[in-house]
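In what follows, a single structure is set out as structure tokens and then discussed.
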Amino acid sequence: MSGQWPLWEVFVRPRRGLSHTHVGSVHAPDAATALQNARDVYTRRQEGVSIWVVPAAQITASSPDEKDAYFDPAADKIYRHPTFYHVPEGAKHL
Amino acid sequence: MYGNDFPTDAASSGGELLEQVAAAEAALREAAERTLDSADNAETDYFERIIAADQKIEPRDAMPEAYRRTLIRQIAQHAHSEIIGMQPEGNWITRAPSLKRKAILLAKVQDEAGHGLYLYAAAETLGVSRDELVEKLLSGKQKYSSIFNYPTLTWADVGAIGWLVDGAAIVNQVPLCRSSYGPYARAMIRICKEESFHQRQGFEILYTLARGTPAQREMAQDAVNRWWYPSLAMFGPPDSASVHTAQSMAWKIKRFTNDELRQRFVDMCVEQAKVLGLTLPDPNLRWNPERGSYDFTPPDYDELMRVISGHGPCNQQRMARRRAAHIEGEWVRQAASAYAAKQQQRQRQQEAVAA
Amino acid sequence: MTGTATTTFEQVLGLGDDALIAAQRLCEWCTRAPEMEEEVALANIALDQLGAARLLLTYAGELEGAGRDEDDLAYLRDDREFRNVLLVELPNGDFAVTMAKLLFLSAYQRLRYEQLAAGEDARLAGIAAKTVKESTYHLEHATLWTLRLGDGTEESHRRMQQAVDEIWPYTYELFDDNALRQPWLNIVEPVLAEATLTRPEDPPWAPRGGRQGLHTEHLSYLLAEMQVLHRAHPGAQW
């Protein structure tokens, strides 16, 4: 049997009060792995986030004109924040 | 763990590039609000009207086959670049000279894996599987950015890559946030937001080295000397020699030409090099008041072509590593698939019994 | 310096070294993981362990009171001064070995951090409150893979059983300074059973010595790589 893992679509609700939005997809062999992978790839394990994963093959879509939402990046690891770095005086475009 | 005492307001960072990304994101949302007159739904015409109106083509829209194929190639090669790009920098994680630097570098390389995944996901919306794309990479049918075929010989190379290579990547990528293809534009917005930390990380490494011991200063200057011209070559061949540019620009897959982006990059870096206190290895670098830009020596395009076609210092090594990981991982991937199949089987049996 | 009568420099160092060496081994998987999603997952775990190491080593340095910071401790000690358990310094082996190591380590770390989170040392309690959550995730991840490899294909089952057999003797050292072995078995044994793996017999002798600085031959190679650049530039800032 080939090692190919099926595709799952990922939906994330970043904060209480907002709804789930589509953020992308992951490959995984099963639901539990898909959830873990989605948590790692799309939320970097930020707390308080709700994640749905759905096998891509199970999604029924209306035709053209369907709307995909945009998504926010996770905010947990400070190294990712450009403000964390001391940017010397005069250094532009950083 | 990563400092709850640091401010978490990512949006407050300055930086023109992040502002441009935010503008692209705002434009995407505004375009979404506008409706297209759908009176005439003839396929090609509909596609062209969306492009002309600066709206987004989405996965199930009708599109010219050539557009679809060009996009698959461009997005896939971008994804491959992220994955292969993990190797030169990953080379220094185990030897990072401080725990803070180790953590930052590990986070950066992890980001690159994530970016590869976002891009493969975007490519898959065009009707191709990730496995197919990985096969094309491993067989050499699809390429990755030539810059990653150079070796990282010192710690300072990590800084140079962050400053120059990520800097060039950002100059290339910010315009892609306005790409006509929706999933690609959205992936690029997400990626660009994460990449601005990459460039600052590299700059900070070099800044610290340049102000360190004599050996560190020399290390930093040596790295810049080796990475400058290859970084210029990242923008591709000169416009006069670039085959795909015209069509890609018409379809708004590409928003600026190679030379335009290269010039933008040079102008940015010259100023930043002054702040670093390091020199760029180009004696002909000179401000040209008529053009309002810096004159510079172009990179060796013959070298670029050689490296692209497989004759760079690290091509074999990069591909061998990627191939080995893929092959050695097969038993693991198969095990997971087998387990999933068994679980489904068990579940069906349980349901049959219960019924 | 907040320690209590019972928190010693050596104790905190041991926990910090466990995390540091575990992180270093996980970093070696970068660009070699069996699938791209796993690259991201392993890096996450490595970052967590590294983060814990930094907090613990910093605290250890303060307790010692000799002015050593996290980098002095990580980069300027020889292997005889390291206090990690032997388990974490073992080579990664194949993915099954890495997951076996992670399963056993994370179950231990979760229990140990739970203990510390409820303990008298306020500084450790603060650190542990965060690391407990991370260890829980690591344990989940390792469990997920142990099940899939143990109950996957014939090849994966063989490799996973071999990994468990190989690593099992190194788990005894984890409990030399605490009474957590039974709770640990209560976590680990059901996972092995569900994964259709055989729980190894208690060996006649278990390797030990890490907490006293007597390590395997692997550690000095690991440290040589980790420390080489830092040591080549004494006193430099990075």
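Ordering of the structure tokens sets the chain letters (A, B, ...), residue numbers begin anew at 1 in every chain, and ligands are numbered from 1 in the order given.
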
Would you pick out the contacts of Ala32 of chain A at 12 Å or less, using only C-alpha atoms, so that residues sharing its chain but fewer than 5 positions from it are not included, and give the list as a list of chain:residue names?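 Contacts, with the query itself left out: A:Trp8, A:His27, A:Asn37, A:Ala38, A:Arg39, A:Ile51, A:Trp52, A:Val53, A:Val54, A:Pro55, B:Ala336, B:Tyr339, B:Ala340, B:Gln343, C:Glu140, C:His141, C:Thr143, C:Leu144, C:Trp145, C:Leu147, C:Arg148.
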
Dump as a PyMOL selection string the residues of chain C that approach chain A to within 8 Å, counting only C-alpha atoms. chain C and resi 37-38+40-41+44+141+144

Restrict the distance test to only C-alpha atoms, flag each residue of chain B within 8 Å of chain C, and return the flagged residues as a short mmCIF file (atom, residue, chain, number, x, y, z; two decimals) with N, CA, C and O atoms, in the first residue's frame.
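Dumped everything to out-v2.cif:
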data_model
loop_
_atom_site.label_atom_id
_atom_site.label_comp_id
_atom_site.auth_asym_id
_atom_site.auth_seq_id
_atom_site.Cartn_x
_atom_site.Cartn_y
_atom_site.Cartn_z
N MET B 1 6.20 30.63 27.59
CA MET B 1 7.52 30.06 27.32
C MET B 1 8.36 31.01 26.49
O MET B 1 9.54 31.17 26.69
N TYR B 2 7.75 31.67 25.55
CA TYR B 2 8.51 32.58 24.71
C TYR B 2 8.32 34.00 25.14
O TYR B 2 8.43 34.92 24.35
N ILE B 83 11.08 24.23 1.01
CA ILE B 83 11.50 22.97 1.62
C ILE B 83 13.01 22.77 1.47
O ILE B 83 13.70 22.43 2.43
N MET B 86 15.30 24.90 3.67
CA MET B 86 15.52 24.51 5.07
C MET B 86 16.92 23.93 5.27
O MET B 86 17.46 23.97 6.38
N GLN B 87 17.48 23.39 4.21
CA GLN B 87 18.75 22.67 4.37
C GLN B 87 19.94 23.58 4.67
O GLN B 87 20.68 23.33 5.63
N GLY B 90 19.34 24.92 8.13
CA GLY B 90 19.24 23.83 9.08
C GLY B 90 20.62 23.29 9.44
O GLY B 90 20.82 22.72 10.51
N ILE B 93 21.71 24.63 12.96
CA ILE B 93 20.88 24.58 14.18
C ILE B 93 21.61 23.88 15.32
O ILE B 93 21.63 24.38 16.45
N THR B 94 22.22 22.72 15.02
CA THR B 94 22.84 21.98 16.12
C THR B 94 24.09 22.68 16.65
O THR B 94 24.54 22.37 17.75
N ARG B 95 24.62 23.62 15.87
CA ARG B 95 25.85 24.30 16.30
C ARG B 95 25.63 25.77 16.65
O ARG B 95 26.59 26.50 16.87
N ALA B 96 24.38 26.20 16.69
CA ALA B 96 24.10 27.61 16.98
C ALA B 96 24.84 28.03 18.24
O ALA B 96 24.86 27.29 19.23
N PRO B 97 25.46 29.22 18.25
CA PRO B 97 26.37 29.57 19.34
C PRO B 97 25.74 30.11 20.61
O PRO B 97 26.46 30.42 21.56
N SER B 98 24.42 30.24 20.64
CA SER B 98 23.74 30.57 21.89
C SER B 98 22.36 29.91 21.85
O SER B 98 21.87 29.59 20.77
N LEU B 99 21.78 29.71 23.01
CA LEU B 99 20.48 29.03 23.05
C LEU B 99 19.40 29.89 22.41
O LEU B 99 18.49 29.37 21.75
N ARG B 101 19.85 31.98 19.91
CA ARG B 101 20.01 31.88 18.45
C ARG B 101 19.52 30.53 17.96
O ARG B 101 18.97 30.41 16.86
N ALA B 103 17.11 28.74 19.21
CA ALA B 103 15.65 28.76 19.19
C ALA B 103 15.12 29.57 18.02
O ALA B 103 14.19 29.15 17.32
N LEU B 106 15.74 27.66 14.73
CA LEU B 106 14.85 26.51 14.62
C LEU B 106 13.44 26.98 14.25
O LEU B 106 12.77 26.38 13.40
N ALA B 107 13.00 28.06 14.86
CA ALA B 107 11.66 28.59 14.54
C ALA B 107 11.60 29.04 13.09
O ALA B 107 10.61 28.83 12.40
N GLN B 110 11.52 26.01 10.82
CA GLN B 110 10.19 25.41 10.95
C GLN B 110 9.18 26.20 10.12
O GLN B 110 8.31 25.63 9.45
N ASP B 111 9.28 27.51 10.15
CA ASP B 111 8.40 28.36 9.35
C ASP B 111 8.50 27.99 7.88
O ASP B 111 7.50 27.98 7.16
N ALA B 113 9.23 25.16 6.56
CA ALA B 113 8.46 23.94 6.30
C ALA B 113 6.98 24.28 6.18
O ALA B 113 6.28 23.83 5.28
N GLY B 114 6.53 25.10 7.09
CA GLY B 114 5.12 25.52 7.07
C GLY B 114 4.77 26.25 5.79
O GLY B 114 3.72 26.03 5.19
N LEU B 117 4.30 23.94 3.02
CA LEU B 117 2.99 23.29 3.13
C LEU B 117 1.86 24.19 2.65
O LEU B 117 0.97 23.74 1.94
N ILE B 205 21.74 39.19 13.37
CA ILE B 205 22.93 38.33 13.49
C ILE B 205 24.15 39.06 12.94
O ILE B 205 25.19 39.15 13.60
N THR B 208 25.27 42.10 15.03
CA THR B 208 26.01 41.69 16.23
C THR B 208 27.43 41.25 15.87
O THR B 208 28.39 41.62 16.55
N LEU B 209 27.56 40.48 14.80
CA LEU B 209 28.89 40.03 14.39
C LEU B 209 29.78 41.19 13.98
O LEU B 209 30.96 41.23 14.34
N GLY B 212 31.36 42.73 16.83
CA GLY B 212 31.95 41.79 17.77
C GLY B 212 33.46 41.76 17.70
O GLY B 212 34.12 42.78 17.50
N THR B 213 34.00 40.56 17.86
CA THR B 213 35.46 40.40 17.81
C THR B 213 35.94 40.56 16.37
O THR B 213 35.15 40.44 15.42
N ARG B 321 19.61 14.72 -0.05
CA ARG B 321 19.01 14.80 1.28
C ARG B 321 17.49 14.70 1.19
O ARG B 321 16.85 13.97 1.95
N ARG B 322 16.93 15.42 0.26
CA ARG B 322 15.47 15.43 0.13
C ARG B 322 14.96 14.06 -0.27
O ARG B 322 13.96 13.56 0.24
N ALA B 324 16.48 11.15 0.19
CA ALA B 324 16.68 10.20 1.29
C ALA B 324 15.56 10.33 2.31
O ALA B 324 15.01 9.33 2.77
N ALA B 325 15.21 11.55 2.68
CA ALA B 325 14.15 11.76 3.66
C ALA B 325 12.85 11.15 3.15
O ALA B 325 12.12 10.48 3.89
N HIS B 326 12.59 11.34 1.86
CA HIS B 326 11.35 10.84 1.27
C HIS B 326 11.32 9.32 1.26
O HIS B 326 10.33 8.70 1.64
N GLU B 328 13.30 7.19 3.08
CA GLU B 328 13.37 6.62 4.42
C GLU B 328 12.07 6.81 5.18
O GLU B 328 11.80 6.06 6.12
N GLY B 329 11.31 7.80 4.80
CA GLY B 329 10.03 8.04 5.48
C GLY B 329 8.91 7.16 4.98
O GLY B 329 7.83 7.13 5.57
N GLU B 330 9.15 6.43 3.91
CA GLU B 330 8.06 5.66 3.28
C GLU B 330 7.44 4.64 4.24
O GLU B 330 6.22 4.54 4.33
N TRP B 331 8.27 3.93 5.00
CA TRP B 331 7.71 2.91 5.90
C TRP B 331 6.85 3.55 6.99
O TRP B 331 5.85 2.95 7.43
N VAL B 332 7.22 4.76 7.39
CA VAL B 332 6.44 5.47 8.40
C VAL B 332 5.08 5.88 7.83
O VAL B 332 4.03 5.66 8.44
N ARG B 333 5.12 6.47 6.63
CA ARG B 333 3.87 6.92 6.00
C ARG B 333 2.96 5.73 5.73
O ARG B 333 1.73 5.80 5.94
N GLN B 334 3.57 4.63 5.29
CA GLN B 334 2.77 3.42 5.02
C GLN B 334 2.14 2.89 6.30
O GLN B 334 0.99 2.44 6.29
N ALA B 335 2.91 2.91 7.39
CA ALA B 335 2.39 2.41 8.66
C ALA B 335 1.15 3.21 9.06
O ALA B 335 0.14 2.65 9.49
N ALA B 336 1.24 4.52 8.91
CA ALA B 336 0.11 5.37 9.29
C ALA B 336 -1.11 5.08 8.42
O ALA B 336 -2.24 5.04 8.92
N SER B 337 -0.88 4.88 7.12
CA SER B 337 -2.00 4.56 6.23
C SER B 337 -2.60 3.21 6.60
O SER B 337 -3.83 3.04 6.59
N ALA B 338 -1.74 2.24 6.91
CA ALA B 338 -2.23 0.91 7.27
C ALA B 338 -3.06 0.96 8.54
O ALA B 338 -4.13 0.34 8.64
N TYR B 339 -2.59 1.71 9.51
CA TYR B 339 -3.32 1.86 10.77
C TYR B 339 -4.68 2.49 10.51
O TYR B 339 -5.70 2.03 11.05
#

Residues of chain B within 8 Å of chain A, counting only C-alpha atoms, as an MDAnalysis selection string: chainID B and resid 2:3 6 8 10 12:17 58:62 104 107 114 117:118 121:122 131 186 190 193:194 196:201 204 268 271:272 275 330:338 340

When you look at Leu86 of chain C with a cut-off of 7 Å (counting only C-alpha atoms), what residues show up, excluding the ones that are within fewer than 5 positions of it in the same chain? I need them as a PyMOL selection string. chain C and resi 170+208+210+215-216

List as a short mmCIF file (atom, residue, chain, number, x, y, z; two decimals) with C-alpha atoms, in the first residue's frame the protein and nucleic acid residues near Thr154 of chain B, meaning an atom at most 8 Å away when only C-alpha atoms are counted, but skip any in the same chain fewer than 3 places from it.
data_model
loop_
_atom_site.label_atom_id
_atom_site.label_comp_id
_atom_site.auth_asym_id
_atom_site.auth_seq_id
_atom_site.Cartn_x
_atom_site.Cartn_y
_atom_site.Cartn_z
CA ASP B 157 26.13 32.68 6.41
CA VAL B 158 22.95 32.21 8.43
CA MET B 219 33.23 36.13 9.35
CA ALA B 223 29.68 35.75 4.24
#

Shell around Asp177 of chain C at 10 Å using only C-alpha atoms, local window under 4 positions removed, as a ChimeraX atom specification: /C:11,173,211

Quick one: everything within 6 Å of His20 of chain A, counting only C-alpha atoms, minus sequence neighbours fewer than 2 positions away in the same chain. Send it as a ChimeraX atom specification. /A:11-13

Measuring atom to atom with only C-alpha atoms, identify which of C:Glu10, C:Glu114, C:Asp69, C:Asp121 is nearest to Phe82 of chain C. C:Glu10

Can you list, as an mmCIF file with N, CA and C atoms, in the first residue's frame, every residue of segment 198-338 of chain B that DSSP puts in strand (DSSP E)?
data_model
loop_
_atom_site.group_PDB
_atom_site.id
_atom_site.type_symbol
_atom_site.label_atom_id
_atom_site.label_comp_id
_atom_site.auth_asym_id
_atom_site.auth_seq_id
_atom_site.Cartn_x
_atom_site.Cartn_y
_atom_site.Cartn_z
ATOM 1 N N ARG B 286 27.102 52.636 -7.220
ATOM 2 C CA ARG B 286 27.156 54.096 -7.195
ATOM 3 C C ARG B 286 25.756 54.654 -7.340
ATOM 4 N N TRP B 287 25.436 55.657 -6.569
ATOM 5 C CA TRP B 287 24.146 56.321 -6.698
ATOM 6 C C TRP B 287 24.068 57.048 -8.041
ATOM 7 N N ASN B 288 22.998 56.817 -8.765
ATOM 8 C CA ASN B 288 22.775 57.477 -10.046
ATOM 9 C C ASN B 288 21.607 58.452 -9.900
ATOM 10 N N SER B 293 18.401 55.730 -8.509
ATOM 11 C CA SER B 293 18.682 54.379 -8.018
ATOM 12 C C SER B 293 20.180 54.139 -8.043
ATOM 13 N N TYR B 294 20.617 53.011 -7.495
ATOM 14 C CA TYR B 294 22.038 52.674 -7.527
ATOM 15 C C TYR B 294 22.394 51.922 -8.809
ATOM 16 N N ASP B 295 23.504 52.341 -9.445
ATOM 17 C CA ASP B 295 24.097 51.530 -10.509
ATOM 18 C C ASP B 295 24.836 50.383 -9.832
#

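Shortest atom-to-atom contact with Gln74 of chain B among B:His115, B:Arg262, B:His244, B:Arg226: B:His244, counting only C-alpha atoms.
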
Taking 3 positions as the minimum chain separation for residues in the same chain, which residues sit within 9 Å of Asp259 of chain B when counting only C-alpha atoms? Answer as a short mmCIF file (atom, residue, chain, number, x, y, z; two decimals) with N, CA and C atoms, in the first residue's frame.
data_model
loop_
_atom_site.label_atom_id
_atom_site.label_comp_id
_atom_site.auth_asym_id
_atom_site.auth_seq_id
_atom_site.Cartn_x
_atom_site.Cartn_y
_atom_site.Cartn_z
N PHE B 235 16.72 36.94 -8.62
CA PHE B 235 15.60 37.57 -9.32
C PHE B 235 15.46 37.07 -10.75
N GLY B 236 16.35 36.15 -11.13
CA GLY B 236 16.22 35.53 -12.44
C GLY B 236 17.01 36.26 -13.51
N PRO B 237 16.87 35.78 -14.73
CA PRO B 237 17.62 36.37 -15.82
C PRO B 237 17.17 37.81 -16.08
N PRO B 238 17.97 38.60 -16.79
CA PRO B 238 17.54 39.96 -17.10
C PRO B 238 16.28 39.92 -17.97
N ASP B 239 15.50 40.99 -17.92
CA ASP B 239 14.22 41.02 -18.65
C ASP B 239 14.39 40.65 -20.12
N PHE B 256 5.75 42.58 -11.30
CA PHE B 256 6.89 43.42 -11.70
C PHE B 256 7.91 42.55 -12.41
N ARG B 262 14.98 43.46 -8.95
CA ARG B 262 16.40 43.42 -8.61
C ARG B 262 16.90 44.81 -8.21
N GLN B 263 16.49 45.83 -8.97
CA GLN B 263 16.89 47.19 -8.65
C GLN B 263 16.36 47.62 -7.30
N ARG B 264 15.10 47.28 -7.03
CA ARG B 264 14.48 47.62 -5.75
C ARG B 264 15.28 47.01 -4.60
#
